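Participant: Sending over a structure as structure tokens; questions will come in a sec.
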Amino acid sequence: MAKVMIVDDAAFMRMVIKDILTKNGHDVVAECVDGLDAVNKYPQVKPELVFMDIVMPNMEGIDALKKIMEMDASAKVVMCSSIGQQSVVTDALKTGALDFIVKPFDAAKVVEVIGKVI
Amino acid sequence: MDMSEYKDLFKEESGDHLQQLNDSLLGLEQNPKELEYINTMFRSAHTLKGMSATMGFSAIAELTHEMENLMDMVRKEHIEVSNNLIDLLFQCLDTLEALVENIDTYEDLDITSLRASLANMMKATLSADSITDVVASEITDIGIEIAKSTQHVEEIVPAMDVEDGADKSDEDKNKDCNSDNHRIRIISLKVILEESCILKSARSTLVLININKLGEIIECDPNETELEDEKFDRDFTIVVSTSANDDEIIESVKKIAEIEDVILTVLTQNETEENTEENCEIIKKQSCPVPTRSDSVKSIQSVRVNIERLDNLMNLVGELIINKIRINQLASDLDSKNLEESLATLDRLTNEIQTEVMESRMVPIDQIFSRFPRMVRDLAKSEGKQVNLIIEGKEIEVDRTVLDEIGDPLVHLLRNAVDHGIESEKDRSILGKPVSGLVRLAASRQRNSILIEVEDDGKGIDPQSLREIAVKKDLMSQEEANKLSDSDAQNLIFMPGFSGAKTVTDVSGRGVGMDAVKTKIEALGGSVRINSVPGQGSIIKLQLPLTVAIIQSLMAVVSGETYAIPLSNVIKYVGIQSSDIKTIEGNEVIVLRGEVFPLLRLHHLLDCTAEYEEKEKLIVVLVEKNGANLGLVVDSLIGQQEVIIKTLNNKILKNTKGFAGATILGNGRVSLILDIATLI
């Protein structure tokens, strides 16, 4: 079981990930609506794992990732990407994201990724 | 996964994004240079793509994907914002809207032609811009980004090697319990990805990053650029020079998700025994922090509540108020000071609850206003007119029920304004008006009501032509028409049977379905007024109640029973002598100031004839509905009162004509609310 923070501007996507996580015994401790929200909440919530969407208003996922890595070099961030975002995901991984999942989310894959990174 | 439970949320949120897309596209049309619009659109399209792919709505996902590609080219300035582009994107939005609308039926619309148009748009621009290197297949799939990013990556990766190579080997030695014993070896790793792996290039990057921590990558097959471009099937080979042992290396790759297998071959073996302490890995894994429960609170600022819940809440508050009034009545007999004090508190609390509940049903009027810019734009474009729509007071909040009902009337009024109000560009320049017509839609909050104004600077309404039409359509005689003041004549367009005719539209420039607008607004307990100056424009004012759950009523008694007459229908009440009643064709009427009111004796209508006795003095409530007047004969009047409407929606009473609902009085008795429209 892990304390997870979900960052996605779509309430729909947050709900989908959250349901997958809670059904698998994880604890969603915070939901953030954009990168800025995530950067603000990260130090308060101190999640063990962050699921970070890439395309968001106010602050994009990659920038939020950078900010979070600056705050906490050991932060565990998994990028939530779509098909066609290879280059951004690649950049994110080089910045320090541990892994990524691809929409549409497959519950088994999400669980596999958590198992691998935690 | 069963996704059906997410469908409502999906629909709702998709709607928001479509609105956002529409708004931004309108903005872009106005300011083609403002790239922030395209960025916003890109984000919305992207989010929609992810959501629809998750739901399995492939048509939406495919279309948004193509749109995203096109918009990406726009924001990278490979494509200029042209009218064609805007129109094509609007088409896409309409199709998306239809697709989202259709998700219940799972009917996928055919989007092939639209996709072809998108592809053409992208191709055409590409060849024009002579970006010859980029192959068409790449464009549709990943966009131009690749071409740029590859170069970038090649620069970064070797740099990482140099920097990390020296530092890391030291660092890693400390970490890896006994790596002192290892000498540098050259090994080859064949990595096979799972078949279901989607972003293969990103996956391969992750492998390279992990391997880089353990050693130096000498060679990749396919090379790193090709890996990034996803120019490989499922497997790739990396040659590494490393001091780490086999298990460490295999473990570091296998702990990445979506890796099917790793095959390690040693190319240059040194003589040192490869006895690794596997425990190292295990210890490392266990050393991850023990999860502690956080005391942080999930911050949720708002919740979505079903409107039915709010209706129930409103009903309960109504009941509460009724009961409070009853208790107040009972207490007044007891004359207890303590009781009175606590009742005063109860009074205040119930009032506060009522206000809170009413506020919670309020939604910003922008929810319907926001779709009008697009509508007005399309309409103006199809008519070849230039129209500038100004929206004011979109933050004003109205009751959800009211909001649901005023959408259609407003569409009507705006259509009329653009269609018939605003003149063609040519006419306007002849008249010396600005070429671009002005339509203003404004909402404002009055004390206990909402005022919505629809104004245009078009041709206005000529009262004289309305008089002529009224006579022509046998709605009144020539004398009657002549007697009408100009403003009364303008109000003719609200008469049933007056509008809807093509001639009206052409002559007066107004009047399509205005009676429908009036009926709808009055059904909500509101009113409609029109003010027009021929040649200068028209303004139509809708006065709406804040809520429909509570209405102002005139309480009247008929044969001992109390009835509520909605005040919005009441013109006035008068006392008459029974001798004033005249008979026309067997029907009783009274004539007041030259106006004829048919009389309706509520006693007869409500079947209370047994107790009914002919009196010399009669009280008549004059009511008006849809332009028809009526006088209701009642026994006595109690006065005005706010009543809470309880609908008659059970099986027996549902189809009862003449009653809009019921309410409960302070004394606990039920009183019926008359519905003037069906009563007549």
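Just remember, in the structure tokens the first chain shown is A, the second B, etc., residues are 1-based per chain, and ligands are 1-based in the order shown.
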Go through chain A residue by residue and, counting only C-alpha atoms, keep those with an atom at most 7 Å from chain B; for each kept residue give the shortest atom pair and its distance in Å to one decimal, ordered by chain and increasing number, as CSV.

Facilitator:
residue,atom,partner,partner_atom,distance
A:Ala2,CA,B:Pro291,CA,6.7
A:Ala10,CA,B:Thr47,CA,6.9
A:Phe12,CA,B:Phe10,CA,6.0
A:Met13,CA,B:Met51,CA,6.4
A:Val29,CA,B:Lys298,CA,6.0
A:Ala30,CA,B:Lys298,CA,5.3
A:Val45,CA,B:Ser296,CA,5.9
A:Val55,CA,B:Arg43,CA,5.9
A:Met56,CA,B:Arg43,CA,6.4
A:Ser82,CA,B:Gly50,CA,6.3
A:Ile83,CA,B:Leu199,CA,6.8
A:Gly84,CA,B:Ile142,CA,4.9
A:Gln86,CA,B:Ala202,CA,5.6
A:Ser87,CA,B:Ser149,CA,6.8
A:Val89,CA,B:Ala202,CA,6.1
A:Thr90,CA,B:Ala202,CA,5.2
A:Leu93,CA,B:Leu206,CA,6.5
A:Lys103,CA,B:Gly50,CA,5.7
A:Pro104,CA,B:Thr54,CA,4.0
A:Phe105,CA,B:Thr54,CA,6.4
A:Glu112,CA,B:Ala257,CA,6.5
A:Val113,CA,B:Ala257,CA,5.5
A:Lys116,CA,B:Lys255,CA,5.4

Participant: Write out the residues from the selection above, keeping C-alpha atoms, as a short mmCIF file (atom, residue, chain, number, x, y, z; two decimals), in the first residue's frame.

Facilitator:
data_model
loop_
_atom_site.label_atom_id
_atom_site.label_comp_id
_atom_site.auth_asym_id
_atom_site.auth_seq_id
_atom_site.Cartn_x
_atom_site.Cartn_y
_atom_site.Cartn_z
CA ALA A 2 1.28 3.40 -0.98
CA ALA A 10 -9.60 15.99 -15.92
CA PHE A 12 -12.69 11.94 -15.14
CA MET A 13 -9.11 10.72 -15.45
CA VAL A 29 -3.94 11.15 -0.36
CA ALA A 30 -4.37 14.08 -2.72
CA VAL A 45 1.14 15.79 1.50
CA VAL A 55 -0.72 18.27 -20.69
CA MET A 56 -2.36 20.55 -18.13
CA SER A 82 -0.99 9.55 -24.22
CA ILE A 83 0.01 7.95 -27.46
CA GLY A 84 2.14 10.38 -29.42
CA GLN A 86 7.22 9.90 -26.76
CA SER A 87 9.47 12.90 -26.69
CA VAL A 89 7.90 11.20 -21.77
CA THR A 90 11.53 10.71 -22.73
CA LEU A 93 12.32 10.17 -17.68
CA LYS A 103 -3.80 6.23 -21.65
CA PRO A 104 -6.12 4.38 -21.92
CA PHE A 105 -4.98 2.93 -18.60
CA GLU A 112 2.60 -3.47 -12.36
CA VAL A 113 4.20 -0.03 -12.58
CA LYS A 116 8.09 -1.81 -9.87
#

Participant: Residues of segment 310-456 of chain B in helix (DSSP H, G or I) according to DSSP, as a PDB file with C-alpha atoms, in the first residue's frame?

Facilitator:
ATOM      1  CA  LEU B 310     -31.476  19.868  -4.266  1.00  0.00           C
ATOM      2  CA  ASP B 311     -35.141  19.703  -5.222  1.00  0.00           C
ATOM      3  CA  ASN B 312     -35.781  17.419  -2.271  1.00  0.00           C
ATOM      4  CA  LEU B 313     -33.869  19.731   0.000  1.00  0.00           C
ATOM      5  CA  MET B 314     -35.919  22.664  -1.235  1.00  0.00           C
ATOM      6  CA  ASN B 315     -39.095  20.705  -0.571  1.00  0.00           C
ATOM      7  CA  LEU B 316     -37.999  19.869   2.933  1.00  0.00           C
ATOM      8  CA  VAL B 317     -37.177  23.484   3.618  1.00  0.00           C
ATOM      9  CA  GLY B 318     -40.663  24.331   2.389  1.00  0.00           C
ATOM     10  CA  GLU B 319     -42.162  21.834   4.820  1.00  0.00           C
ATOM     11  CA  LEU B 320     -40.021  23.244   7.578  1.00  0.00           C
ATOM     12  CA  ILE B 321     -41.282  26.756   6.919  1.00  0.00           C
ATOM     13  CA  ILE B 322     -44.886  25.623   6.828  1.00  0.00           C
ATOM     14  CA  ASN B 323     -44.456  23.881  10.138  1.00  0.00           C
ATOM     15  CA  LYS B 324     -42.735  26.901  11.588  1.00  0.00           C
ATOM     16  CA  ILE B 325     -45.742  29.038  10.644  1.00  0.00           C
ATOM     17  CA  ARG B 326     -48.065  26.527  12.308  1.00  0.00           C
ATOM     18  CA  ILE B 327     -46.029  26.532  15.489  1.00  0.00           C
ATOM     19  CA  ASN B 328     -46.013  30.309  15.418  1.00  0.00           C
ATOM     20  CA  GLN B 329     -49.798  30.306  15.232  1.00  0.00           C
ATOM     21  CA  LEU B 330     -50.113  27.829  18.097  1.00  0.00           C
ATOM     22  CA  ALA B 331     -47.618  29.775  20.193  1.00  0.00           C
ATOM     23  CA  SER B 332     -49.492  33.029  19.790  1.00  0.00           C
ATOM     24  CA  ASP B 333     -52.351  31.445  21.767  1.00  0.00           C
ATOM     25  CA  LEU B 334     -50.065  30.339  24.591  1.00  0.00           C
ATOM     26  CA  LYS B 337     -42.247  34.627  26.546  1.00  0.00           C
ATOM     27  CA  ASN B 338     -39.684  31.806  26.504  1.00  0.00           C
ATOM     28  CA  LEU B 339     -41.425  30.073  23.665  1.00  0.00           C
ATOM     29  CA  GLU B 340     -41.564  33.287  21.685  1.00  0.00           C
ATOM     30  CA  GLU B 341     -37.849  33.837  22.107  1.00  0.00           C
ATOM     31  CA  SER B 342     -36.884  30.398  20.910  1.00  0.00           C
ATOM     32  CA  LEU B 343     -39.352  30.728  18.076  1.00  0.00           C
ATOM     33  CA  ALA B 344     -37.651  33.918  16.994  1.00  0.00           C
ATOM     34  CA  THR B 345     -34.405  31.958  16.767  1.00  0.00           C
ATOM     35  CA  LEU B 346     -36.166  29.224  14.821  1.00  0.00           C
ATOM     36  CA  ASP B 347     -37.481  31.911  12.476  1.00  0.00           C
ATOM     37  CA  ARG B 348     -34.032  33.228  11.800  1.00  0.00           C
ATOM     38  CA  LEU B 349     -32.548  29.771  11.305  1.00  0.00           C
ATOM     39  CA  THR B 350     -35.216  28.614   8.884  1.00  0.00           C
ATOM     40  CA  ASN B 351     -34.799  31.796   6.891  1.00  0.00           C
ATOM     41  CA  GLU B 352     -31.078  31.216   6.739  1.00  0.00           C
ATOM     42  CA  ILE B 353     -31.555  27.624   5.632  1.00  0.00           C
ATOM     43  CA  GLN B 354     -33.973  28.742   2.960  1.00  0.00           C
ATOM     44  CA  THR B 355     -31.477  31.278   1.651  1.00  0.00           C
ATOM     45  CA  GLU B 356     -28.637  28.761   1.706  1.00  0.00           C
ATOM     46  CA  VAL B 357     -30.628  26.103  -0.112  1.00  0.00           C
ATOM     47  CA  MET B 358     -31.783  28.589  -2.687  1.00  0.00           C
ATOM     48  CA  GLU B 359     -28.202  29.770  -3.180  1.00  0.00           C
ATOM     49  CA  SER B 360     -26.975  26.216  -3.599  1.00  0.00           C
ATOM     50  CA  ASP B 366     -22.747  31.661 -18.209  1.00  0.00           C
ATOM     51  CA  GLN B 367     -23.663  28.002 -18.475  1.00  0.00           C
ATOM     52  CA  ILE B 368     -26.129  28.926 -21.196  1.00  0.00           C
ATOM     53  CA  PHE B 369     -24.636  32.250 -22.270  1.00  0.00           C
ATOM     54  CA  PHE B 372     -24.242  31.885 -27.763  1.00  0.00           C
ATOM     55  CA  PRO B 373     -21.034  33.410 -29.179  1.00  0.00           C
ATOM     56  CA  ARG B 374     -20.646  30.381 -31.409  1.00  0.00           C
ATOM     57  CA  MET B 375     -24.311  30.384 -32.384  1.00  0.00           C
ATOM     58  CA  VAL B 376     -24.319  34.084 -33.249  1.00  0.00           C
ATOM     59  CA  ARG B 377     -21.094  33.702 -35.189  1.00  0.00           C
ATOM     60  CA  ASP B 378     -22.470  30.839 -37.286  1.00  0.00           C
ATOM     61  CA  LEU B 379     -25.749  32.609 -37.887  1.00  0.00           C
ATOM     62  CA  ALA B 380     -24.081  35.870 -38.877  1.00  0.00           C
ATOM     63  CA  LYS B 381     -21.696  34.049 -41.156  1.00  0.00           C
ATOM     64  CA  SER B 382     -24.470  32.148 -42.902  1.00  0.00           C
ATOM     65  CA  GLU B 383     -26.328  35.397 -43.480  1.00  0.00           C
ATOM     66  CA  ARG B 400     -31.042  25.767 -12.042  1.00  0.00           C
ATOM     67  CA  THR B 401     -34.686  25.211 -12.977  1.00  0.00           C
ATOM     68  CA  VAL B 402     -34.981  28.712 -14.402  1.00  0.00           C
ATOM     69  CA  LEU B 403     -31.736  28.262 -16.295  1.00  0.00           C
ATOM     70  CA  ASP B 404     -32.977  25.089 -17.950  1.00  0.00           C
ATOM     71  CA  GLU B 405     -36.031  26.878 -19.221  1.00  0.00           C
ATOM     72  CA  ILE B 406     -34.632  30.120 -20.569  1.00  0.00           C
ATOM     73  CA  GLY B 407     -32.174  28.591 -23.035  1.00  0.00           C
ATOM     74  CA  ASP B 408     -34.704  28.201 -25.851  1.00  0.00           C
ATOM     75  CA  PRO B 409     -36.319  31.607 -25.478  1.00  0.00           C
ATOM     76  CA  LEU B 410     -32.901  33.246 -25.533  1.00  0.00           C
ATOM     77  CA  VAL B 411     -31.902  31.310 -28.636  1.00  0.00           C
ATOM     78  CA  HIS B 412     -35.098  32.601 -30.207  1.00  0.00           C
ATOM     79  CA  LEU B 413     -34.466  36.201 -29.262  1.00  0.00           C
ATOM     80  CA  LEU B 414     -30.849  36.143 -30.410  1.00  0.00           C
ATOM     81  CA  ARG B 415     -31.802  34.494 -33.677  1.00  0.00           C
ATOM     82  CA  ASN B 416     -34.380  37.151 -34.279  1.00  0.00           C
ATOM     83  CA  ALA B 417     -31.882  39.864 -33.469  1.00  0.00           C
ATOM     84  CA  VAL B 418     -29.325  38.555 -35.964  1.00  0.00           C
ATOM     85  CA  ASP B 419     -31.776  37.256 -38.543  1.00  0.00           C
ATOM     86  CA  HIS B 420     -34.286  40.057 -38.663  1.00  0.00           C
ATOM     87  CA  GLY B 421     -32.923  42.853 -36.527  1.00  0.00           C
ATOM     88  CA  GLU B 425     -23.769  45.126 -44.480  1.00  0.00           C
ATOM     89  CA  LYS B 426     -24.863  47.030 -47.550  1.00  0.00           C
ATOM     90  CA  ASP B 427     -27.991  48.435 -45.936  1.00  0.00           C
ATOM     91  CA  ARG B 428     -26.075  49.408 -42.861  1.00  0.00           C
ATOM     92  CA  SER B 429     -23.469  51.362 -44.777  1.00  0.00           C
ATOM     93  CA  ILE B 430     -26.237  53.135 -46.719  1.00  0.00           C
ATOM     94  CA  LEU B 431     -27.898  54.041 -43.403  1.00  0.00           C
TER      95      LEU B 431
END

Participant: Which of these residues is nearest to Ile20 of chain A, using only C-alpha atoms: A:Ala108, A:Pro43, A:Ile118, A:Ala75?

Facilitator: A:Ala108

Participant: Interatomic distance between atom CA of Asp675 of chain B and atom CA of Gly661 of chain B?

Facilitator: 8.1 Å

Participant: Show which residues sit within 7 Å of segment 616-626 of chain B, as a PyMOL selection string. Count only C-alpha atoms, and ignore same-chain residues fewer than 2 positions away.

Facilitator: chain B and resi 495+519+569-578+614+628-636+676-677

Participant: Considering only C-alpha atoms, state which residue in the set B:Gln536, B:Gln490, B:Glu397, B:Gln464 is at the smallest distance from Lys433 of chain B.

Facilitator: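 For Lys433 of chain B, the nearest of the given residues is B:Gln536.
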
Participant: Skipping near chain neighbours, those fewer than 2 positions away, what residues fall within 7 Å of Gln386 of chain B using only C-alpha atoms, listed as a PyMOL selection string?

Facilitator: chain B and resi 380+384+388+435-437

Participant: Could you tell me how far atom CA of Ser243 of chain B lies from atom CA of Asp261 of chain B, in Å and to one decimal?

Facilitator: 21.6 Å

Participant: What gap, in Å, lies between atom CA of Asp399 of chain B and atom CA of Ile365 of chain B?

Facilitator: 9.1 Å

Participant: Could you give me, as an MDAnalysis selection string, the residues within 6 Å of Ala97 of chain A, counting only C-alpha atoms and dropping anything in the same chain fewer than 4 positions from it?

Facilitator: chainID A and resid 77:78 92:93

Participant: Mind checking which residues fall within 7 Å of Met1 of chain A, counting only C-alpha atoms, ignoring those fewer than 3 positions away in the same chain, and posting them as a list of chain:residue names?

Facilitator: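 Within the cut-off, the hits are A:Gly25, A:His26, A:Asp27.
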
Participant: Can you work out which one of A:Met59, A:Ile6, A:Leu49, A:Ile54 has the shortest atom-to-atom distance to Ile114 of chain A, counting only C-alpha atoms?

Facilitator: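 Using only C-alpha atoms, Ile114 of chain A sits closest to A:Leu49.
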
Participant: Quick check for you: according to DSSP on this backbone, which residues of segment 4-109 of chain A are classed as strand (DSSP E)? Reply as a list in words.

Facilitator: Val4, Met5, Ile6, Val7, Asp27, Val28, Val29, Ala30, Glu31, Cys32, Leu49, Val50, Phe51, Met52, Asp53, Val77, Val78, Met79, Cys80, Ser81, Asp99, Phe100, Ile101 and Val102 of chain A
